[in-house]
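Working notes, beginning with the structure itself.
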Amino acid sequence: MPRKMPKKTSLLVRATKSFKQHRSAATHEALVRAAREVFEEKGFDAAQTPDIAAAAGVSTGAFYRYFKDKKQVFLEVLVEHLGSGRDRVRKRLSPERFVGADARTAIDVVLDVLFEVIRRDARIHKVFMST
């Protein structure tokens, strides 16, 4: 009997957020950027929503207008990070780069690119892996 596939989860699919006002979009972006910085500095458990709001230059109440809790903003930071990492890897691993390369060289190139991406964002990777 075939296994039923689980319902697709939207956790890693960033919902397209649209804001009527530019200021709202800027505040949302500032909160996500600040959340990443606070998570990198303190880790997920020690980070608090007032810390994130203060780092973004907004009130804690403003934080809650955009996010239910720190878990929600953490997931948004994760989704944004994974998307930008995927884009960087795709740009660096274009098919042209492998033309004429033997298997060993191709593997070395892929590993070099992946480790470079991880090293670039080592602080946030540490938080993701410990949560």
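Residues in the structure tokens are named by chain (A, B, ... in the order shown) and by number from 1 within that chain; ligands are numbered from 1 in the order shown.
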>> Env of segment 64-81 of chain A: 9 Å cut, atoms = only C-alpha atoms, seq-sep filter 2 positions within chain, self excluded. Answer as an MDAnalysis selection string.
In response: chainID A and resid 11:14 27:28 31:33 35:36 39 44 47:49 52 60:62 83:86 121 124 128
_For the structure I just gave you, how does DSSP split chain A - specifically, which residues are helix (DSSP H, G or I)? Reply as an MDAnalysis selection string._
chainID A and resid 22:46 49:56 60:66 70:92 95:98 103:120 122:130
Worksheet item: How many Å lie between atom CA of Ala30 of chain A and atom CA of Val89 of chain A, rounded to one decimal?
Response: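 Atom-to-atom, atom CA of Ala30 of chain A to atom CA of Val89 of chain A, that is 25.3 Å.
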Can you pull out every residue within 12 Å of segment 90-97 of chain A, counting only C-alpha atoms, but drop anything in the same chain fewer than 4 positions away, and send it as a ChimeraX atom specification?
/A:83-86,101-102,105-114,116-117
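Shortest separation to Ala122 of chain A among A:Val58, A:Ala46, A:Lys17, A:Glu41 occurs at residue A:Glu41, atoms counted being only C-alpha atoms.
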Q: Could you give me, as an MDAnalysis selection string, the residues within 9 Å of Lys126 of chain A, counting only C-alpha atoms and dropping anything in the same chain fewer than 5 positions from it?
A: chainID A and resid 40 43 121 131
Using N, CA, C and O atoms, can you export the residues from the last selection as a PDB file, in the first residue's frame?
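See result38.pdb below for the written result:
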```
ATOM      1  N   GLU A  40      22.309  35.865  16.854  1.00  0.00           N
ATOM      2  CA  GLU A  40      23.739  35.582  16.714  1.00  0.00           C
ATOM      3  C   GLU A  40      24.492  35.911  17.999  1.00  0.00           C
ATOM      4  O   GLU A  40      25.405  35.184  18.394  1.00  0.00           O
ATOM      5  N   GLY A  43      21.998  33.807  21.132  1.00  0.00           N
ATOM      6  CA  GLY A  43      21.416  32.487  20.951  1.00  0.00           C
ATOM      7  C   GLY A  43      19.904  32.586  21.053  1.00  0.00           C
ATOM      8  O   GLY A  43      19.368  33.599  21.524  1.00  0.00           O
ATOM      9  N   ASP A 121      28.594  32.650   7.342  1.00  0.00           N
ATOM     10  CA  ASP A 121      27.514  32.873   8.286  1.00  0.00           C
ATOM     11  C   ASP A 121      27.615  31.938   9.494  1.00  0.00           C
ATOM     12  O   ASP A 121      26.609  31.437   9.997  1.00  0.00           O
ATOM     13  N   THR A 131      19.380  24.949  18.088  1.00  0.00           N
ATOM     14  CA  THR A 131      17.970  25.146  18.435  1.00  0.00           C
ATOM     15  C   THR A 131      17.143  23.945  18.045  1.00  0.00           C
ATOM     16  O   THR A 131      17.364  23.253  17.165  1.00  0.00           O
TER      17      THR A 131
END
```
